[in-house]
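Note: the block below is target.cif and it holds mmCIF, C-alpha atoms.
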```cif
data_coords
loop_
_atom_site.group_PDB
_atom_site.id
_atom_site.type_symbol
_atom_site.label_atom_id
_atom_site.label_comp_id
_atom_site.auth_asym_id
_atom_site.auth_seq_id
_atom_site.Cartn_x
_atom_site.Cartn_y
_atom_site.Cartn_z
ATOM 1 C CA MET H 23 -1.726 1.372 -12.380
ATOM 2 C CA ALA H 24 -5.479 1.828 -12.918
ATOM 3 C CA MET H 25 -7.085 5.077 -11.857
ATOM 4 C CA ILE H 26 -10.485 6.697 -11.782
ATOM 5 C CA SER H 27 -11.565 10.323 -11.798
ATOM 6 C CA VAL H 28 -13.866 11.683 -9.114
ATOM 7 C CA GLY H 29 -14.598 15.282 -9.952
ATOM 8 C CA GLU H 30 -11.245 16.999 -10.438
ATOM 9 C CA VAL H 31 -9.328 14.359 -8.447
ATOM 10 C CA LEU H 32 -7.622 11.275 -9.853
ATOM 11 C CA VAL H 33 -7.645 8.214 -7.588
ATOM 12 C CA ASP H 34 -5.524 5.063 -7.688
ATOM 13 C CA ARG H 35 -8.008 2.165 -7.923
ATOM 14 C CA ASP H 36 -6.071 0.318 -5.172
ATOM 15 C CA ILE H 37 -7.560 2.838 -2.729
ATOM 16 C CA LEU H 38 -11.017 1.460 -3.471
ATOM 17 C CA GLU H 39 -10.047 -2.187 -3.318
ATOM 18 C CA SER H 40 -7.974 -2.178 -0.118
ATOM 19 C CA PHE H 41 -8.747 -2.722 3.539
ATOM 20 C CA PHE H 42 -6.889 -0.878 6.286
ATOM 21 C CA SER H 43 -7.030 -0.167 10.019
ATOM 22 C CA CYS H 44 -4.000 1.083 11.956
ATOM 23 C CA ASP H 45 -2.724 -1.379 14.517
ATOM 24 C CA LEU H 46 -0.518 0.727 16.822
ATOM 25 C CA GLU H 47 0.125 -2.200 19.142
ATOM 26 C CA ALA H 48 1.792 -4.035 16.256
ATOM 27 C CA CYS H 49 3.576 -1.233 14.367
ATOM 28 C CA LYS H 50 4.402 0.952 17.389
ATOM 29 C CA GLY H 51 3.790 4.138 15.344
ATOM 30 C CA CYS H 52 6.727 3.563 13.034
ATOM 31 C CA CYS H 53 5.237 5.869 10.354
ATOM 32 C CA CYS H 54 6.420 8.766 12.552
ATOM 33 C CA VAL H 55 9.948 7.315 12.521
ATOM 34 C CA GLU H 56 10.576 5.645 9.148
ATOM 35 C CA GLY H 57 11.866 7.585 6.168
ATOM 36 C CA GLU H 58 14.352 10.365 5.535
ATOM 37 C CA LEU H 59 11.797 13.162 5.203
ATOM 38 C CA GLY H 60 9.065 14.187 7.592
ATOM 39 C CA ALA H 61 5.424 14.795 6.777
ATOM 40 C CA PRO H 62 4.590 16.773 3.635
ATOM 41 C CA LEU H 63 3.029 20.110 4.647
ATOM 42 C CA THR H 64 0.700 22.630 3.091
ATOM 43 C CA PRO H 65 1.949 26.241 3.276
ATOM 44 C CA GLU H 66 -0.623 26.939 6.031
ATOM 45 C CA GLU H 67 0.543 23.908 8.070
ATOM 46 C CA ALA H 68 4.162 25.000 7.645
ATOM 47 C CA ARG H 69 3.238 28.459 8.928
ATOM 48 C CA GLN H 70 1.478 26.976 11.989
ATOM 49 C CA LEU H 71 4.339 24.595 12.792
ATOM 50 C CA GLU H 72 7.249 26.920 12.018
ATOM 51 C CA HIS H 73 6.917 28.633 15.403
ATOM 52 C CA PRO H 74 5.104 26.070 17.562
ATOM 53 C CA PRO H 75 3.490 27.251 20.792
ATOM 54 C CA GLY H 76 5.504 26.720 23.975
ATOM 55 C CA GLU H 77 2.850 24.320 25.286
ATOM 56 C CA LEU H 78 3.511 22.037 22.345
ATOM 57 C CA LEU H 79 7.298 22.292 22.666
ATOM 58 C CA ARG H 80 7.105 21.400 26.374
ATOM 59 C CA MET H 81 5.400 18.101 25.465
ATOM 60 C CA LEU H 82 8.382 16.969 23.394
ATOM 61 C CA PRO H 83 11.302 14.869 24.623
ATOM 62 C CA ASP H 84 14.574 16.789 25.146
ATOM 63 C CA LYS H 85 16.125 15.310 22.001
ATOM 64 C CA GLU H 86 13.338 16.641 19.753
ATOM 65 C CA ALA H 87 13.146 20.014 21.538
ATOM 66 C CA GLN H 88 16.913 20.508 21.191
ATOM 67 C CA TRP H 89 16.794 19.545 17.507
ATOM 68 C CA ILE H 90 14.028 22.097 16.914
ATOM 69 C CA ALA H 91 16.015 24.799 18.739
ATOM 70 C CA ARG H 92 18.996 24.113 16.495
ATOM 71 C CA HIS H 93 17.383 23.246 13.126
ATOM 72 C CA GLY H 94 13.763 24.436 13.253
ATOM 73 C CA THR H 95 10.618 22.474 12.502
ATOM 74 C CA VAL H 96 10.094 22.831 8.742
ATOM 75 C CA GLU H 97 12.322 22.167 5.743
ATOM 76 C CA LEU H 98 11.958 22.703 2.021
ATOM 77 C CA TYR H 99 13.045 19.833 -0.213
ATOM 78 C CA GLN H 100 12.630 19.879 -3.998
ATOM 79 C CA GLY H 101 9.879 22.479 -3.764
ATOM 80 C CA THR H 102 7.854 20.710 -1.059
ATOM 81 C CA LEU H 103 7.624 21.667 2.615
ATOM 82 C CA TYR H 104 8.112 18.909 5.215
ATOM 83 C CA THR H 105 8.358 18.596 8.972
ATOM 84 C CA ARG H 106 11.983 18.200 9.969
ATOM 85 C CA THR H 107 13.271 14.882 11.177
ATOM 86 C CA VAL H 108 15.821 14.177 13.874
ATOM 87 C CA GLY H 109 18.854 12.768 12.091
ATOM 88 C CA SER H 110 16.775 11.676 9.063
ATOM 89 C CA ARG H 111 14.653 9.446 11.303
ATOM 90 C CA GLU H 112 11.753 10.435 13.553
ATOM 91 C CA CYS H 113 9.621 13.524 13.040
ATOM 92 C CA VAL H 114 10.576 16.405 15.352
ATOM 93 C CA PHE H 115 7.031 16.332 16.740
ATOM 94 C CA SER H 116 7.174 12.672 17.773
ATOM 95 C CA LEU H 117 7.114 11.407 21.322
ATOM 96 C CA GLU H 118 6.910 7.975 22.840
ATOM 97 C CA ARG H 119 4.305 6.716 25.298
ATOM 98 C CA GLU H 120 4.231 3.129 26.509
ATOM 99 C CA GLY H 121 6.558 2.042 23.699
ATOM 100 C CA ILE H 122 4.451 3.612 20.918
ATOM 101 C CA THR H 123 5.576 6.637 18.914
ATOM 102 C CA LEU H 124 2.839 9.259 18.754
ATOM 103 C CA CYS H 125 2.395 12.781 17.383
ATOM 104 C CA ALA H 126 2.652 15.616 19.913
ATOM 105 C CA VAL H 127 0.719 17.907 17.558
ATOM 106 C CA GLU H 128 -2.214 15.494 17.463
ATOM 107 C CA ILE H 129 -2.161 15.002 21.236
ATOM 108 C CA ALA H 130 -2.009 18.770 21.868
ATOM 109 C CA TYR H 131 -4.906 19.332 19.451
ATOM 110 C CA ARG H 132 -7.089 16.626 21.021
ATOM 111 C CA GLU H 133 -6.346 18.000 24.499
ATOM 112 C CA GLY H 134 -7.315 21.531 23.398
ATOM 113 C CA ILE H 135 -3.783 22.897 23.885
ATOM 114 C CA ILE H 136 -3.486 24.086 20.265
ATOM 115 C CA GLY H 137 -6.091 24.946 17.646
ATOM 116 C CA PHE H 138 -4.709 22.932 14.721
ATOM 117 C CA ASN H 139 -4.312 19.216 14.106
ATOM 118 C CA LYS H 140 -1.374 17.240 12.753
ATOM 119 C CA PRO H 141 -0.726 17.645 9.024
ATOM 120 C CA ILE H 142 -3.368 16.343 6.644
ATOM 121 C CA SER H 143 -0.686 14.173 4.994
ATOM 122 C CA CYS H 144 -0.295 12.310 8.305
ATOM 123 C CA ARG H 145 -4.033 11.905 8.757
ATOM 124 C CA LEU H 146 -4.363 10.599 5.181
ATOM 125 C CA PHE H 147 -1.473 8.135 5.451
ATOM 126 C CA PRO H 148 -1.054 5.640 3.695
ATOM 127 C CA ILE H 149 -2.687 7.731 0.963
ATOM 128 C CA ARG H 150 -0.449 10.409 -0.554
ATOM 129 C CA VAL H 151 -1.618 13.313 -2.710
ATOM 130 C CA ARG H 152 0.521 13.692 -5.808
ATOM 131 C CA LYS H 153 -0.033 15.574 -9.075
ATOM 132 C CA LYS H 154 -0.818 13.970 -12.439
ATOM 133 C CA PHE H 155 -1.891 15.886 -15.525
ATOM 134 C CA GLY H 156 -2.075 18.974 -13.298
ATOM 135 C CA LEU H 157 -4.700 17.369 -11.051
ATOM 136 C CA PRO H 158 -4.491 15.983 -7.519
ATOM 137 C CA TYR H 159 -3.758 12.246 -7.722
ATOM 138 C CA LEU H 160 -4.397 10.062 -4.670
ATOM 139 C CA VAL H 161 -1.957 7.171 -4.440
ATOM 140 C CA TYR H 162 -1.998 4.284 -1.971
ATOM 141 C CA GLU H 163 1.523 3.690 -0.657
ATOM 142 C CA ARG H 164 1.819 0.068 0.468
ATOM 143 C CA HIS H 165 4.576 0.188 3.062
ATOM 144 C CA SER H 166 5.830 -2.937 4.788
ATOM 145 C CA MET H 167 5.460 -1.060 8.091
ATOM 146 C CA CYS H 168 1.664 -1.148 7.539
ATOM 147 C CA ARG H 169 1.420 -4.904 7.000
ATOM 148 C CA SER H 170 -0.418 -5.320 10.322
ATOM 149 C CA ALA H 171 -2.857 -2.497 9.384
ATOM 150 C CA ARG H 172 -3.716 -4.255 6.127
ATOM 151 C CA ARG H 173 -4.210 -7.543 7.975
ATOM 152 C CA LEU H 174 -6.404 -5.933 10.657
ATOM 153 C CA GLY H 175 -8.361 -3.989 8.036
ATOM 154 C CA GLY H 176 -9.035 -7.248 6.214
ATOM 155 C CA GLU H 177 -10.135 -8.999 9.403
ATOM 156 C CA LEU H 178 -12.465 -6.112 10.243
ATOM 157 C CA GLN H 179 -13.518 -5.706 6.576
ATOM 158 C CA LYS H 180 -12.700 -1.991 6.961
ATOM 159 C CA PRO H 181 -12.252 -0.391 3.514
ATOM 160 C CA LEU H 182 -9.383 2.100 3.287
ATOM 161 C CA VAL H 183 -11.822 4.792 2.075
ATOM 162 C CA ASP H 184 -13.992 4.284 5.172
ATOM 163 C CA TYR H 185 -10.965 4.258 7.473
ATOM 164 C CA LEU H 186 -9.815 7.611 6.057
ATOM 165 C CA PHE H 187 -13.287 9.099 5.568
ATOM 166 C CA ALA H 188 -12.738 12.063 7.953
ATOM 167 C CA PRO H 189 -9.492 13.414 6.435
ATOM 168 C CA LEU H 190 -10.776 12.786 2.891
ATOM 169 C CA GLU H 191 -13.954 14.666 3.785
ATOM 170 C CA GLU H 192 -11.910 17.529 5.249
ATOM 171 C CA LEU H 193 -9.884 17.745 2.063
ATOM 172 C CA TYR H 194 -12.596 17.252 -0.590
ATOM 173 C CA GLY H 195 -16.007 17.325 1.132
ATOM 174 C CA ARG H 196 -18.553 14.674 2.131
ATOM 175 C CA GLU H 197 -20.222 14.504 -1.279
ATOM 176 C CA TRP H 198 -16.865 13.813 -2.935
ATOM 177 C CA VAL H 199 -16.018 10.958 -0.525
ATOM 178 C CA GLU H 200 -19.450 9.428 -0.995
ATOM 179 C CA SER H 201 -18.946 9.632 -4.778
ATOM 180 C CA LEU H 202 -15.582 7.912 -4.377
ATOM 181 C CA ALA H 203 -17.085 5.164 -2.206
ATOM 182 C CA ALA H 204 -19.764 4.562 -4.853
ATOM 183 C CA PHE H 205 -17.009 3.285 -7.170
ATOM 184 C CA ARG H 206 -16.295 0.343 -4.857
ATOM 185 C CA LYS H 207 -17.188 -3.114 -6.054
ATOM 186 C CA PRO H 208 -20.221 -4.521 -4.224
ATOM 187 C CA SER H 209 -19.405 -7.173 -1.610
ATOM 188 C CA SER H 210 -19.964 -10.775 -2.688
#
```
I'd like the structure from this file rewritten - as structure tokens, please.
Amino acid sequence: MAMISVGEVLVDRDILESFFSCDLEACKGCCCVEGELGAPLTPEEARQLEHPPGELLRMLPDKEAQWIARHGTVELYQGTLYTRTVGSRECVFSLEREGITLCAVEIAYREGIIGFNKPISCRLFPIRVRKKFGLPYLVYERHSMCRSARRLGGELQKPLVDYLFAPLEELYGREWVESLAAFRKPSS
């Protein structure tokens, strides 16, 4: 797997060469449902989500609210904090609207109900931040559930870096993202 270094961050070259644009109509928000673990959390995100405001809890379906009451919202697995999942499936903060699974945290944030957004790991998906040689290492996870997003990104010619510009900028700053984008091959 080829990688580049941008400042103190290692980046999987696939991130620069890939196109991506979420297609919720096709995938139905399955990234909030697939997998045994929830979203990786920073310690600050875990603190914010550990005791979610009542307004956020009231947005959730009964199943998720009951799971939270019994099991909580955050779990520690192999040294990493994650959102809990309901029965090793959907995130406890998921809800469904018109057949699409969405994030209650994101909805509450956008509606001004809470002052924090969904975890950065969710906003960066399908990029994951790992560690390599003691440095952050950005890896592009090519999940089959995102096949339609790759197809749509290709049709729109939307580079993955551009699609995720805002969360990358939040994490590393505008100058860093622009430096990363400069590594892209020029279009033919």
Between region 50-98 of chain H and region 147-159 of chain H, at 12 Å or less, what are the per-residue closest atom pairs and their distances in Å? Count only C-alpha atoms, order by chain and rising residue number, and return it as a tab-separated table.
```
residue	atom	partner	partner_atom	distance
H:Gly51	CA	H:Phe147	CA	11.9
H:Cys53	CA	H:Phe147	CA	8.6
H:Cys54	CA	H:Phe147	CA	10.6
H:Ala61	CA	H:Phe147	CA	9.7
H:Pro62	CA	H:Arg150	CA	9.1
H:Leu63	CA	H:Val151	CA	11.0
H:Thr64	CA	H:Val151	CA	11.2
```
Select, counting all atoms listed in the file, all protein, DNA and RNA residues no farther than 8 Å from (12.2, 24.2, 11.0) in file coordinates, and express the selection as a short mmCIF file (atom, residue, chain, number, x, y, z; two decimals) with C-alpha atoms, in the frame of the given file.
```
data_model
loop_
_atom_site.label_atom_id
_atom_site.label_comp_id
_atom_site.auth_asym_id
_atom_site.auth_seq_id
_atom_site.Cartn_x
_atom_site.Cartn_y
_atom_site.Cartn_z
CA GLU H 72 7.25 26.92 12.02
CA ILE H 90 14.03 22.10 16.91
CA HIS H 93 17.38 23.25 13.13
CA GLY H 94 13.76 24.44 13.25
CA THR H 95 10.62 22.47 12.50
CA VAL H 96 10.09 22.83 8.74
CA GLU H 97 12.32 22.17 5.74
CA THR H 105 8.36 18.60 8.97
CA ARG H 106 11.98 18.20 9.97
#
```
If you apply the PyMOL selection byres ((chain H and resi 24) around 12) to this file, what residues do you get, as number ranges by chain? H: 23, 25-27, 32-39, 159-162
Selection to disk with C-alpha atoms, as a PDB file, keeping the file's coordinate frame:
```
ATOM      1  CA  MET H  23      -1.726   1.372 -12.380  1.00  0.00           C
ATOM      2  CA  MET H  25      -7.085   5.077 -11.857  1.00  0.00           C
ATOM      3  CA  ILE H  26     -10.485   6.697 -11.782  1.00  0.00           C
ATOM      4  CA  SER H  27     -11.565  10.323 -11.798  1.00  0.00           C
ATOM      5  CA  LEU H  32      -7.622  11.275  -9.853  1.00  0.00           C
ATOM      6  CA  VAL H  33      -7.645   8.214  -7.588  1.00  0.00           C
ATOM      7  CA  ASP H  34      -5.524   5.063  -7.688  1.00  0.00           C
ATOM      8  CA  ARG H  35      -8.008   2.165  -7.923  1.00  0.00           C
ATOM      9  CA  ASP H  36      -6.071   0.318  -5.172  1.00  0.00           C
ATOM     10  CA  ILE H  37      -7.560   2.838  -2.729  1.00  0.00           C
ATOM     11  CA  LEU H  38     -11.017   1.460  -3.471  1.00  0.00           C
ATOM     12  CA  GLU H  39     -10.047  -2.187  -3.318  1.00  0.00           C
ATOM     13  CA  TYR H 159      -3.758  12.246  -7.722  1.00  0.00           C
ATOM     14  CA  LEU H 160      -4.397  10.062  -4.670  1.00  0.00           C
ATOM     15  CA  VAL H 161      -1.957   7.171  -4.440  1.00  0.00           C
ATOM     16  CA  TYR H 162      -1.998   4.284  -1.971  1.00  0.00           C
TER      17      TYR H 162
END
```
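Listed by chain and then by number, the residues chosen by the PyMOL selection byres ((chain H and resi 186) around 10) in this file are Phe42, Ser43, Arg145, Leu146, Phe147, Pro148, Ile149, Pro181, Leu182, Val183, Asp184, Tyr185, Phe187, Ala188, Pro189, Leu190, Glu191 and Val199 of chain H.
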Can you translate the PyMOL selection byres ((chain H and resi 115-125) around 10) into the concrete residues it hits in this file, as a VMD selection string? chain H and resid 46 to 55 60 71 74 78 to 79 81 to 87 90 95 105 to 108 112 to 114 126 to 130 139 to 140 144
Restricting the calculation to all atoms listed in the file, which member of H:Arg132, H:Gln88, H:Val28, H:Ala171 is positioned closest to Glu197 (chain H)? H:Val28
Please report the interatomic distance between CA of Arg172 (chain H) and CA of Ser110 (chain H) in Å with one decimal. 26.1 Å
Do you have the CA of Trp198 (chain H)-CA of Val31 (chain H) distance handy?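 Answer for the CA of Trp198 (chain H) to CA of Val31 (chain H) separation: 9.4 Å.
Of note, CA of Glu56 (chain H) and CA of Glu192 (chain H) are spaced 25.7 Å apart.
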Pick from H:Gly29, H:Pro75, H:Gln100, H:Glu66: nearest to Leu202 (chain H), with all atoms listed in the file counted? H:Gly29
I'd like the box whose edges run along x, y and z of the file and which contains every listed atom of region 67-77 of chain H, padded by 8 Å per side; could you state its centre and edge lengths in Å, one decimal, as JSON?
```
{"center_x": 3.9, "center_y": 26.3, "center_z": 16.5, "size_x": 22.7, "size_y": 20.7, "size_z": 33.6}
```
